[in-house]
file start-v1.txt (compact mmCIF, C-alpha atoms and all ligand atoms)
# COMPACT_ATOMS: atom_id res chain seq x y z
CA MET A 1 66.00 62.54 87.27
CA THR A 2 64.13 62.69 83.95
CA ASP A 3 61.48 60.05 83.23
CA VAL A 4 61.86 57.49 80.46
CA PRO A 5 60.06 58.98 77.41
CA ARG A 6 56.58 57.49 76.99
CA SER A 7 56.26 57.48 73.17
CA VAL A 8 58.31 58.11 70.06
CA THR A 9 56.96 61.62 69.63
CA GLU A 10 57.73 62.36 73.22
CA ALA A 11 61.24 61.00 72.73
CA GLU A 12 61.66 63.29 69.74
CA LYS A 13 60.43 66.22 71.81
CA GLN A 14 62.93 65.38 74.52
CA VAL A 15 65.78 65.24 72.03
CA GLN A 16 64.67 68.60 70.64
CA ILE A 17 64.67 70.18 74.10
CA LEU A 18 68.06 68.72 75.00
CA ARG A 19 69.45 69.98 71.72
CA ARG A 20 68.05 73.43 72.49
CA LEU A 21 69.68 73.32 75.94
CA LEU A 22 72.98 72.26 74.45
CA ASP A 23 72.74 75.08 71.94
CA ALA A 24 71.92 77.52 74.72
CA GLY A 25 75.01 76.37 76.62
CA LEU A 26 77.20 77.16 73.62
CA VAL A 27 75.59 80.52 72.90
CA LEU A 28 75.58 81.63 76.53
CA ASN A 29 79.23 80.75 76.84
CA SER A 30 80.26 82.87 73.92
CA ASN A 31 78.04 85.94 73.94
CA PHE A 32 79.14 88.81 76.13
CA ALA A 33 76.69 91.61 75.25
CA LEU A 34 73.97 91.73 77.89
CA GLU A 35 70.90 92.74 75.84
CA PRO A 36 71.02 90.03 73.15
CA LEU A 37 71.99 87.52 75.81
CA LEU A 38 68.86 88.27 77.83
CA MET A 39 66.63 88.04 74.77
CA TYR A 40 68.17 84.71 73.86
CA ILE A 41 67.51 83.35 77.37
CA MET A 42 63.87 84.52 77.23
CA ASP A 43 63.22 82.79 73.93
CA ALA A 44 64.98 79.59 74.99
CA ALA A 45 63.05 79.52 78.30
CA SER A 46 59.62 79.89 76.67
CA GLU A 47 60.51 77.33 74.03
CA ILE A 48 61.79 74.55 76.27
CA THR A 49 58.94 74.96 78.79
CA ASN A 50 56.29 75.41 76.11
CA ALA A 51 55.22 78.70 77.70
CA GLU A 52 53.72 81.92 76.35
CA ALA A 53 56.42 84.09 77.89
CA ALA A 54 59.39 84.20 80.23
CA SER A 55 61.05 86.79 82.49
CA ILE A 56 64.30 87.29 84.35
CA LEU A 57 64.37 89.08 87.67
CA LEU A 58 67.64 89.97 89.39
CA ILE A 59 68.31 91.10 92.94
CA ASP A 60 69.30 94.72 93.42
CA LYS A 61 71.80 94.44 96.29
CA ARG A 62 71.32 98.09 97.28
CA THR A 63 67.53 97.95 97.75
CA ASN A 64 67.26 94.20 98.39
CA GLU A 65 64.40 94.02 95.90
CA LEU A 66 63.97 92.11 92.69
CA TYR A 67 63.66 93.93 89.38
CA PHE A 68 62.82 92.72 85.90
CA VAL A 69 65.80 92.83 83.55
CA ALA A 70 64.12 91.05 80.65
CA SER A 71 60.79 89.64 79.60
CA ASN A 72 59.04 88.68 76.40
CA THR A 73 55.54 89.44 77.71
CA PRO A 74 53.57 92.19 75.97
CA ASN A 75 54.33 95.75 77.23
CA GLU A 76 57.48 94.43 78.89
CA GLY A 77 58.98 97.94 78.83
CA ARG A 78 56.77 98.88 81.79
CA LEU A 79 58.14 96.05 83.94
CA SER A 80 61.49 97.63 84.63
CA HIS A 81 59.80 100.27 86.79
CA ILE A 82 58.08 97.76 89.10
CA PRO A 83 60.18 96.64 92.08
CA ILE A 84 59.27 93.23 93.47
CA PRO A 85 59.73 92.90 97.25
CA LEU A 86 61.62 89.80 98.37
CA ASP A 87 59.32 89.06 101.30
CA ASP A 88 55.97 89.31 99.54
CA SER A 89 56.23 87.66 96.13
CA ILE A 90 56.64 84.30 94.47
CA ALA A 91 59.98 85.35 92.96
CA GLY A 92 61.05 86.52 96.45
CA THR A 93 60.16 83.12 97.96
CA ILE A 94 62.17 81.37 95.22
CA VAL A 95 65.19 83.51 96.12
CA LEU A 96 64.86 83.39 99.90
CA GLU A 97 64.16 79.65 100.04
CA ASN A 98 66.47 78.84 97.14
CA ARG A 99 63.91 76.49 95.52
CA SER A 100 61.74 76.34 92.43
CA ILE A 101 57.97 76.83 92.46
CA ILE A 102 55.34 75.62 89.99
CA ILE A 103 51.80 77.05 90.07
CA GLN A 104 49.72 75.14 87.57
CA ASP A 105 46.64 77.32 88.09
CA ALA A 106 47.53 80.83 89.07
CA ARG A 107 44.25 82.55 88.28
CA ASN A 108 42.95 82.50 91.85
CA ASP A 109 46.30 82.24 93.61
CA ILE A 110 46.68 85.12 96.03
CA ARG A 111 50.51 84.89 95.87
CA ILE A 112 50.50 86.23 92.30
CA ASN A 113 51.37 89.93 92.13
CA ARG A 114 48.40 91.41 90.26
CA THR A 115 49.98 94.88 90.10
CA VAL A 116 52.39 93.49 87.51
CA ASP A 117 49.54 91.92 85.49
CA ARG A 118 47.55 95.17 85.56
CA GLN A 119 50.54 97.30 84.56
CA ILE A 120 51.35 95.24 81.50
CA GLU A 121 47.72 94.27 80.70
CA PHE A 122 48.43 90.58 80.98
CA GLU A 123 46.95 87.62 82.85
CA THR A 124 49.22 85.16 84.63
CA ARG A 125 47.40 81.82 84.40
CA SER A 126 50.28 79.54 85.33
CA LEU A 127 53.83 80.14 86.48
CA MET A 128 57.05 78.18 86.93
CA GLY A 129 60.02 79.90 88.53
CA VAL A 130 63.51 78.60 89.30
CA PRO A 131 66.41 80.23 91.16
CA MET A 132 69.37 81.50 89.13
CA ARG A 133 72.41 80.38 91.07
CA ILE A 134 76.12 81.04 90.93
CA LYS A 135 77.65 78.44 93.20
CA ASN A 136 75.50 78.79 96.34
CA ASP A 137 74.43 82.37 95.73
CA VAL A 138 71.02 83.08 94.25
CA ILE A 139 71.30 86.14 91.99
CA GLY A 140 67.74 86.11 90.60
CA VAL A 141 64.85 84.13 89.18
CA LEU A 142 63.98 82.75 85.76
CA GLU A 143 60.22 82.48 85.27
CA ALA A 144 58.11 80.81 82.59
CA VAL A 145 54.54 82.11 82.38
CA ASN A 146 51.34 80.57 80.94
CA ARG A 147 52.06 77.10 79.69
CA ILE A 148 50.60 76.06 76.38
CA GLY A 149 49.34 72.49 76.64
CA PRO A 150 49.56 69.92 79.47
CA PRO A 151 50.65 70.78 83.03
CA TRP A 152 54.35 71.27 83.70
CA THR A 153 56.26 68.27 85.01
CA ASP A 154 59.44 67.80 87.01
CA GLU A 155 61.17 67.36 83.68
CA ASP A 156 60.15 70.87 82.63
CA ARG A 157 61.42 72.17 85.94
CA ASN A 158 64.76 70.43 85.42
CA HIS A 159 65.13 71.87 81.93
CA LEU A 160 64.38 75.38 83.14
CA SER A 161 66.85 74.93 86.03
CA ILE A 162 69.63 73.87 83.65
CA LEU A 163 68.98 76.94 81.50
CA ALA A 164 68.83 79.16 84.61
CA SER A 165 72.24 78.08 85.88
CA GLN A 166 73.86 78.60 82.47
CA ALA A 167 72.10 81.96 82.19
CA ALA A 168 73.26 83.08 85.64
CA VAL A 169 76.92 82.61 84.77
CA ALA A 170 76.50 84.24 81.36
CA ILE A 171 74.71 87.24 82.87
CA GLN A 172 77.40 87.65 85.51
CA ASN A 173 80.12 87.49 82.83
CA ALA A 174 78.28 90.03 80.70
CA GLN A 175 77.80 92.35 83.68
CA GLN A 176 81.47 92.09 84.56
CA ALA A 177 82.45 92.83 80.95
CA GLU A 178 80.09 95.82 81.01
CA ASP A 179 81.56 97.07 84.32
CA LEU A 180 85.05 96.70 82.86
CA ARG A 181 84.06 98.63 79.74
CA LYS A 182 82.62 101.44 81.90
CA ALA A 183 85.74 101.54 84.08
CA TYR A 184 87.88 101.71 80.94
CA GLU A 185 85.76 104.54 79.55
CA GLU A 186 86.11 106.37 82.86
CA LEU A 187 89.87 105.85 82.76
CA ASN A 188 90.03 107.23 79.22
CA LYS A 189 88.10 110.30 80.32
CA LEU A 190 90.50 110.82 83.22
CA ASP A 191 93.46 110.34 80.91
CA LYS A 192 92.08 112.95 78.54
CA LEU A 193 91.49 115.30 81.47
CA LYS A 194 95.09 114.79 82.59
CA ASN A 195 96.41 115.38 79.06
CA ASP A 196 94.30 118.52 78.66
CA PHE A 197 95.53 119.75 82.01
CA ILE A 198 99.15 119.18 81.04
CA ALA A 199 98.61 120.93 77.72
CA VAL A 200 96.90 123.96 79.26
CA ALA A 201 99.21 124.18 82.28
CA SER A 202 102.41 123.94 80.25
CA HIS A 203 101.12 126.49 77.79
CA GLU A 204 99.93 128.95 80.45
CA LEU A 205 103.15 128.66 82.47
CA ARG A 206 105.35 129.56 79.54
CA THR A 207 104.59 133.30 79.35
CA PRO A 208 105.07 134.22 83.03
CA LEU A 209 108.17 132.04 83.14
CA SER A 210 109.80 133.77 80.21
CA ILE A 211 109.15 137.10 81.94
CA ILE A 212 110.77 135.80 85.15
CA ILE A 213 113.78 134.51 83.20
CA GLY A 214 114.08 137.79 81.29
CA TYR A 215 114.08 139.96 84.41
CA ALA A 216 116.27 137.59 86.40
CA SER A 217 118.92 137.61 83.64
CA PHE A 218 118.76 141.38 83.50
CA LEU A 219 119.08 141.64 87.31
CA GLN A 220 121.95 139.19 87.38
CA GLU A 221 123.88 141.30 84.91
CA GLU A 222 123.04 144.67 86.46
CA ALA A 223 123.08 143.91 90.18
CA GLN A 224 126.19 143.78 92.34
CA GLY A 225 127.36 141.31 95.00
CA GLU A 226 124.69 139.42 96.94
CA ALA A 227 121.82 140.73 94.82
CA SER A 228 123.44 139.26 91.74
CA GLU A 229 123.78 135.89 93.48
CA HIS A 230 120.09 135.98 94.40
CA ALA A 231 119.18 136.78 90.83
CA ALA A 232 121.36 133.85 89.67
CA ALA A 233 119.47 131.51 92.03
CA VAL A 234 116.13 132.75 90.66
CA LEU A 235 117.41 132.26 87.13
CA SER A 236 118.65 128.75 87.71
CA SER A 237 115.39 127.65 89.37
CA ALA A 238 113.34 129.29 86.63
CA GLN A 239 115.42 127.48 84.03
CA HIS A 240 114.83 124.21 85.83
CA LEU A 241 111.08 124.93 85.79
CA GLY A 242 111.45 125.69 82.09
CA ASP A 243 112.98 122.24 81.51
CA ILE A 244 110.06 120.60 83.28
CA ILE A 245 107.54 122.51 81.17
CA GLU A 246 109.52 121.58 78.08
CA ASP A 247 109.32 117.90 79.05
CA MET A 248 105.58 118.12 79.55
CA THR A 249 105.08 119.80 76.19
CA ASN A 250 107.31 117.36 74.36
CA LEU A 251 105.56 114.38 75.82
CA ARG A 252 102.19 115.74 74.80
CA TYR A 253 103.25 116.42 71.22
CA LEU A 254 105.04 113.12 70.83
CA GLN A 255 102.10 111.14 72.14
CA LEU A 256 99.73 112.90 69.78
CA GLY A 257 102.08 111.97 66.97
CA ALA A 258 102.16 115.69 66.18
CA SER A 259 105.79 116.15 66.96
CA GLY A 260 106.53 117.64 63.54
CA LEU A 261 109.74 115.62 63.25
CA GLU A 262 112.33 117.18 60.98
CA ARG A 263 114.18 114.10 59.84
CA GLU A 264 117.34 114.12 57.80
CA PRO A 265 120.28 111.76 57.32
CA VAL A 266 122.86 112.49 59.98
CA SER A 267 125.90 110.72 61.33
CA LEU A 268 125.30 109.23 64.75
CA VAL A 269 128.71 110.56 65.76
CA SER A 270 127.54 114.17 65.54
CA ILE A 271 124.54 113.49 67.77
CA LEU A 272 126.67 111.67 70.33
CA GLN A 273 129.21 114.51 70.33
CA ALA A 274 126.52 117.06 71.11
CA VAL A 275 125.11 114.83 73.84
CA GLN A 276 128.53 114.23 75.38
CA HIS A 277 129.16 117.95 75.42
CA GLN A 278 125.86 118.49 77.22
CA THR A 279 126.19 115.75 79.85
CA GLU A 280 129.85 115.24 80.76
CA GLY A 281 129.89 118.28 83.04
CA MET A 282 127.24 116.70 85.26
CA ALA A 283 129.19 113.46 85.43
CA SER A 284 132.48 115.15 86.29
CA ALA A 285 130.72 117.18 88.99
CA LYS A 286 129.93 113.80 90.59
CA ASN A 287 133.43 112.55 89.99
CA GLN A 288 132.16 109.82 87.71
CA GLN A 289 134.14 108.13 85.00
CA PHE A 290 132.32 109.03 81.77
CA GLU A 291 133.29 107.33 78.54
CA VAL A 292 131.74 107.58 75.07
CA VAL A 293 132.87 105.04 72.46
CA TYR A 294 131.95 106.46 69.06
CA PRO A 295 130.68 104.47 66.06
CA ARG A 296 132.04 105.10 62.53
CA LEU A 297 131.39 108.48 60.96
CA SER A 298 129.62 106.65 58.15
CA ASP A 299 127.00 105.16 60.48
CA MET A 300 124.08 107.32 59.39
CA VAL A 301 120.56 107.52 60.79
CA ASN A 302 117.54 109.33 59.42
CA VAL A 303 116.40 111.33 62.44
CA ASP A 304 115.32 114.66 63.85
CA ALA A 305 118.68 115.42 65.43
CA VAL A 306 117.30 117.77 68.09
CA LYS A 307 114.67 115.29 69.28
CA MET A 308 117.14 112.40 69.18
CA GLN A 309 119.64 114.41 71.18
CA MET A 310 116.91 115.02 73.75
CA ALA A 311 116.22 111.27 74.00
CA PHE A 312 119.92 110.38 74.46
CA THR A 313 120.40 113.20 76.97
CA ASN A 314 117.44 112.01 79.06
CA VAL A 315 118.94 108.53 79.29
CA ILE A 316 122.48 109.69 80.06
CA ASN A 317 121.21 112.22 82.62
CA ASN A 318 119.47 109.33 84.37
CA ALA A 319 122.66 107.25 84.32
CA VAL A 320 124.50 110.14 85.99
CA LYS A 321 121.66 110.82 88.42
CA PHE A 322 121.18 107.22 89.55
CA THR A 323 124.90 106.42 89.86
CA PRO A 324 126.72 107.39 93.06
CA PRO A 325 129.77 109.69 92.97
CA GLY A 326 132.85 107.88 91.70
CA GLY A 327 130.78 105.45 89.61
CA LYS A 328 131.13 104.61 85.92
CA ILE A 329 129.08 105.49 82.85
CA ARG A 330 129.87 104.09 79.44
CA VAL A 331 128.11 104.93 76.19
CA TYR A 332 128.85 102.62 73.24
CA THR A 333 127.23 101.23 70.11
CA GLU A 334 126.62 97.83 68.54
CA GLN A 335 125.22 96.79 65.19
CA HIS A 336 122.49 94.17 64.95
CA SER A 337 120.86 93.31 61.60
CA GLY A 338 120.46 96.76 60.12
CA GLU A 339 119.97 98.43 63.50
CA ILE A 340 122.41 100.40 65.54
CA TRP A 341 122.07 100.04 69.30
CA ILE A 342 123.20 102.94 71.42
CA ARG A 343 123.83 101.51 74.87
CA VAL A 344 124.20 103.47 78.10
CA LYS A 345 125.69 101.38 80.88
CA ASP A 346 126.08 102.63 84.42
CA SER A 347 127.29 101.21 87.71
CA GLY A 348 124.46 102.79 89.69
CA ILE A 349 121.52 101.78 91.84
CA GLY A 350 120.07 99.43 89.20
CA ILE A 351 116.44 98.66 88.44
CA PRO A 352 114.39 95.83 90.02
CA PRO A 353 113.36 93.21 87.39
CA ASP A 354 109.62 93.92 87.76
CA GLN A 355 110.19 97.62 87.05
CA LEU A 356 112.13 97.29 83.80
CA GLU A 357 109.04 98.03 81.68
CA GLU A 358 107.20 100.19 84.21
CA ILE A 359 109.87 102.91 84.12
CA PHE A 360 108.81 103.81 80.57
CA LYS A 361 105.34 104.86 81.73
CA ASN A 362 104.48 108.54 82.10
CA PHE A 363 105.25 109.98 85.52
CA TYR A 364 106.57 106.62 86.73
CA GLN A 365 109.42 106.44 89.19
CA VAL A 366 110.74 103.39 90.97
CA ALA A 367 110.98 105.16 94.31
CA ASP A 368 107.76 106.31 95.93
CA HIS A 369 107.35 110.07 95.52
CA MET A 370 107.16 110.52 99.30
CA THR A 371 110.46 108.83 99.99
CA ARG A 372 112.58 109.30 96.89
CA LYS A 373 115.74 111.34 97.02
CA TYR A 374 116.22 112.06 93.30
CA ASN A 375 114.72 114.97 91.39
CA GLY A 376 112.57 114.43 88.34
CA MET A 377 109.05 113.97 87.14
CA GLY A 378 109.16 110.48 85.71
CA LEU A 379 108.83 111.72 82.12
CA GLY A 380 112.35 111.43 80.73
CA LEU A 381 112.13 107.79 79.64
CA SER A 382 108.57 108.04 78.26
CA ILE A 383 109.74 110.93 76.12
CA ALA A 384 112.85 109.07 75.01
CA ARG A 385 110.86 105.97 74.06
CA ALA A 386 108.25 108.09 72.24
CA VAL A 387 111.06 109.76 70.25
CA LEU A 388 112.59 106.38 69.36
CA GLU A 389 109.24 104.91 68.33
CA ALA A 390 108.43 107.95 66.20
CA HIS A 391 111.63 107.05 64.32
CA HIS A 392 110.68 103.33 64.01
CA GLY A 393 113.20 102.55 66.71
CA ARG A 394 112.93 100.73 70.03
CA MET A 395 114.10 101.19 73.55
CA TRP A 396 114.43 98.92 76.57
CA ALA A 397 116.15 98.56 79.93
CA GLU A 398 118.18 95.77 81.50
CA SER A 399 119.64 95.44 84.96
CA ASP A 400 120.98 92.71 87.19
CA GLY A 401 118.96 94.22 90.03
CA PRO A 402 119.38 96.75 92.83
CA ASN A 403 122.90 98.23 93.06
CA LYS A 404 124.11 96.20 90.08
CA GLY A 405 123.89 99.04 87.54
CA SER A 406 121.59 99.49 84.53
CA LEU A 407 121.90 99.12 80.80
CA LEU A 408 119.56 101.25 78.67
CA THR A 409 119.46 100.53 74.94
CA LEU A 410 118.14 102.80 72.19
CA SER A 411 117.90 101.06 68.84
CA LEU A 412 117.61 102.87 65.48
CA PRO A 413 117.49 101.63 61.88
CA LEU A 414 120.73 102.43 60.07
CA ILE A 415 120.47 104.08 56.67
CA GLY A 416 121.15 101.79 53.73
CA GLN A 417 121.90 98.67 55.73
CA THR A 418 119.90 95.51 56.04
CA GLY A 419 121.02 92.35 57.81
CA MET A 420 124.34 93.68 59.07
CA LEU A 421 126.98 91.77 60.96
CA ASN A 422 126.48 91.33 64.64
CA ALA A 423 129.56 93.03 65.98
CA SER A 424 130.51 95.87 68.23
CA ARG A 425 132.77 98.32 66.48
CA ALA A 426 134.28 101.30 68.12
CA GLN A 427 136.17 104.28 66.90
CA PRO A 428 137.87 106.85 69.03
P1 LIG A 501 112.85 110.76 86.22
O1 LIG A 501 114.31 110.49 86.00
O2 LIG A 501 112.48 112.17 85.98
O3 LIG A 501 112.36 110.22 87.52
P2 LIG A 501 112.49 108.97 83.98
O4 LIG A 501 111.28 108.68 83.15
O5 LIG A 501 113.68 109.47 83.29
O6 LIG A 501 112.03 109.97 85.12
O7 LIG A 501 112.86 107.64 84.77
C1 LIG A 501 111.84 106.94 85.45
C2 LIG A 501 112.41 106.16 86.59
O8 LIG A 501 113.19 105.07 86.10
C3 LIG A 501 113.33 106.93 87.49
O9 LIG A 501 112.65 107.69 88.45
C4 LIG A 501 114.13 105.79 88.13
O10 LIG A 501 113.38 105.23 89.17
C5 LIG A 501 114.24 104.77 87.00
N1 LIG A 501 115.51 104.89 86.25
C6 LIG A 501 115.71 105.46 85.04
N2 LIG A 501 116.99 105.35 84.64
C7 LIG A 501 117.63 104.70 85.63
C8 LIG A 501 119.00 104.26 85.81
N3 LIG A 501 119.94 104.50 84.91
N4 LIG A 501 119.28 103.59 86.96
C9 LIG A 501 118.33 103.33 87.88
N5 LIG A 501 117.04 103.71 87.76
C10 LIG A 501 116.68 104.38 86.66
call {"tool": "encode", "arguments": {"input": "start-v1.txt", "output": "structure tokens", "more": "lines below"}}
Ligand code: ADP
result
Amino acid sequence: MTDVPRSVTEAEKQVQILRRLLDAGLVLNSNFALEPLLMYIMDAASEITNAEAASILLIDKRTNELYFVASNTPNEGRLSHIPIPLDDSIAGTIVLENRSIIIQDARNDIRINRTVDRQIEFETRSLMGVPMRIKNDVIGVLEAVNRIGPPWTDEDRNHLSILASQAAVAIQNAQQAEDLRKAYEELNKLDKLKNDFIAVASHELRTPLSIIIGYASFLQEEAQGEASEHAAAVLSSAQHLGDIIEDMTNLRYLQLGASGLEREPVSLVSILQAVQHQTEGMASAKNQQFEVVYPRLSDMVNVDAVKMQMAFTNVINNAVKFTPPGGKIRVYTEQHSGEIWIRVKDSGIGIPPDQLEEIFKNFYQVADHMTRKYNGMGLGLSIARAVLEAHHGRMWAESDGPNKGSLLTLSLPLIGQTGMLNASRAQP
């Protein structure tokens, strides 16, 4: 406990110190950058203990030694290179025994590490060190060196201990924020590496693939019987590979915002017709009931029709793929305040609630890649959403859960309509 102040000036001094500690609490709670934080702690420590200088030493868990992370002594830059052993130093004793130490006269004290003094051309005449704790763990030591004025008291020790515990938490927070920043940087680098790889790979695969497709088509036409069938198999696989490369390229361009959209006013009906033409064969091959309910011819959108067709096709292909034979797929539209929603409803395997957003991530698939039974690369929906967003549209998924079907919605602004009625209108 602190003593009762002995005089008015002493009382004023106490108030000043407590105010400084309060201030320190606020600053240390809000500042996350490590360097300025450490400097602030140094200054506060020397001020409240009336000392010439202060230092912070932290434990290096790998070497089990202490090292200086901050100090306001002269030549402090040289300190960072001097490791302090735990078992043969004052700071080490403070850590190992989890207690503070005050040495009022350090000049002839053999426990003082003179190597440090020599290196920084400094003389330690007195020293007060307290452990820096987080809960019961000691992470380092806060030291005040060379008091100015009367000997240190228990009060001084208490003040330094309060600062040390606030500082310990602040340093840990700052280190964690720094670690997080580094991890994020690393992740960004990896992401760039992945993107570069996709860009180079898809570009480099194009030329040999077009040669394969060229020769396979030629062989298919020229060859007879079995040879022609083999050529057809080569051609179909090469075309499938071509689609994958196309997906990778599209994703890359769309994410860079360099898609070179060619937008023009077009009736949604014409896009849906093209998409129906492209997808209904797949659905009928699986014996699925496939229905498209068209909007009005006058429902116009300002889009790159080719890219938009690709987005719709990706979603409808998924509906067909993830719905068992004999199931139902229905494509219809609704108007909602100036937007037209194109909705693709299927009676398929459904999507678990916690995956409804995840499925829009690049290369994401609900089923693990080792166990899944459906083809695909997990790019179709990322591409579709990127296309929609490039057109100031939106896209989302709904599902009542596994085996309850899915409802994918693509929303686009309608030309020349704001605040429209909320009704579903269909036209054969
Ligand atoms: P891909 O179809 O190539 O796997 P997508 O990006 O198109 O990639 O879809 C990502 C994942 O979202 C799919 O692998 C699937 O797990 C899930 N998914 C997409 N559409 C549906 C759907 N209609 N029904 C059930 N799951 C779906």
call {"tool": "atom_distance", "arguments": {"input": "start-v1.txt", "atom1": "CA of Asp117 (chain A)", "atom2": "CA of Asn146 (chain A)"}}
result
12.4 Å
call {"tool": "residues_around", "arguments": {"input": "start-v1.txt", "residues": "region 379-381 of chain A", "least_positions_apart": "3", "cutoff": "10 Å", "atoms": "all atoms listed in the file", "output": "list in words"}}
result
Ile244, Asp247, Met248, Asn250, Leu251, Met310, Ala311, Phe312, Thr313, Asn314, Val315, Asn317, Asn318, Ile359, Phe360, Lys361, Asn362, Phe363, Tyr364, Gln365, Gly376, Ala384, Arg385, Ala386, Val387, Met395, Trp396 and Leu408 of chain A
call {"tool": "closest_residue", "arguments": {"input": "start-v1.txt", "among": "A:Ile415, A:Ile94, A:Val275, A:Ala397", "to": "ligand LIG 501 (chain A)", "atoms": "only C-alpha atoms and all ligand atoms"}}
result
A:Ala397
call {"tool": "atom_distance", "arguments": {"input": "start-v1.txt", "atom1": "CA of Ala231 (chain A)", "atom2": "CA of Val320 (chain A)"}}
result
27.6 Å
call {"tool": "closest_residue", "arguments": {"input": "start-v1.txt", "among": "A:Gly77, A:Leu356, A:Tyr215, A:Asp346", "to": "Ser228 (chain A)", "atoms": "only C-alpha atoms"}}
result
A:Tyr215
call {"tool": "residues_near_point", "arguments": {"input": "start-v1.txt", "point": "(77.8, 90.9, 79.7)", "cutoff": "6 Å", "atoms": "all atoms listed in the file", "output": "compact mmCIF listing (two decimals) with C-alpha atoms, in the coordinates of the input"}}
result
# COMPACT_ATOMS: atom_id res chain seq x y z
CA PHE A 32 79.14 88.81 76.13
CA ALA A 33 76.69 91.61 75.25
CA LEU A 34 73.97 91.73 77.89
CA ILE A 171 74.71 87.24 82.87
CA ASN A 173 80.12 87.49 82.83
CA ALA A 174 78.28 90.03 80.70
CA GLN A 175 77.80 92.35 83.68
CA ALA A 177 82.45 92.83 80.95
CA GLU A 178 80.09 95.82 81.01
call {"tool": "closest_residue", "arguments": {"input": "start-v1.txt", "among": "A:Asp368, A:Glu97, A:Glu246, A:Glu35", "to": "Pro131 (chain A)", "atoms": "all atoms listed in the file"}}
result
A:Glu97
call {"tool": "residues_near_point", "arguments": {"input": "start-v1.txt", "point": "(118.4, 101.7, 73.7)", "cutoff": "7 Å", "atoms": "all atoms listed in the file", "output": "PyMOL selection string"}}
result
chain A and resi 341-343+394-396+408-411
call {"tool": "closest_residue", "arguments": {"input": "start-v1.txt", "among": "A:Ala170, A:Met377, A:Leu58, A:Val266", "to": "Ala305 (chain A)", "atoms": "all atoms listed in the file"}}
result
A:Val266
call {"tool": "atom_distance", "arguments": {"input": "start-v1.txt", "atom1": "CA of Ala223 (chain A)", "atom2": "CA of Pro208 (chain A)"}}
result
21.7 Å
call {"tool": "closest_residue", "arguments": {"input": "start-v1.txt", "among": "A:Ile351, A:Leu127, A:Val292, A:Ile213", "to": "ligand LIG 501 (chain A)", "atoms": "all atoms listed in the file"}}
result
A:Ile351
call {"tool": "residues_around", "arguments": {"input": "start-v1.txt", "residues": "Ser270 (chain A)", "least_positions_apart": "3", "cutoff": "12 Å", "atoms": "only C-alpha atoms", "output": "PyMOL selection string"}}
result
chain A and resi 265-267+273-277+294-301+303+305-306+308-309
call {"tool": "closest_residue", "arguments": {"input": "start-v1.txt", "among": "A:Pro413, A:Gly129, A:Gly378, A:Pro150", "to": "Ala45 (chain A)", "atoms": "all atoms listed in the file"}}
result
A:Gly129
call {"tool": "residues_around", "arguments": {"input": "start-v1.txt", "residues": "Thr49 (chain A)", "least_positions_apart": "3", "cutoff": "12 Å", "atoms": "all atoms listed in the file", "output": "PyMOL selection string"}}
result
chain A and resi 13-14+16-18+20-21+42-46+52-54+102+126-129+142-163
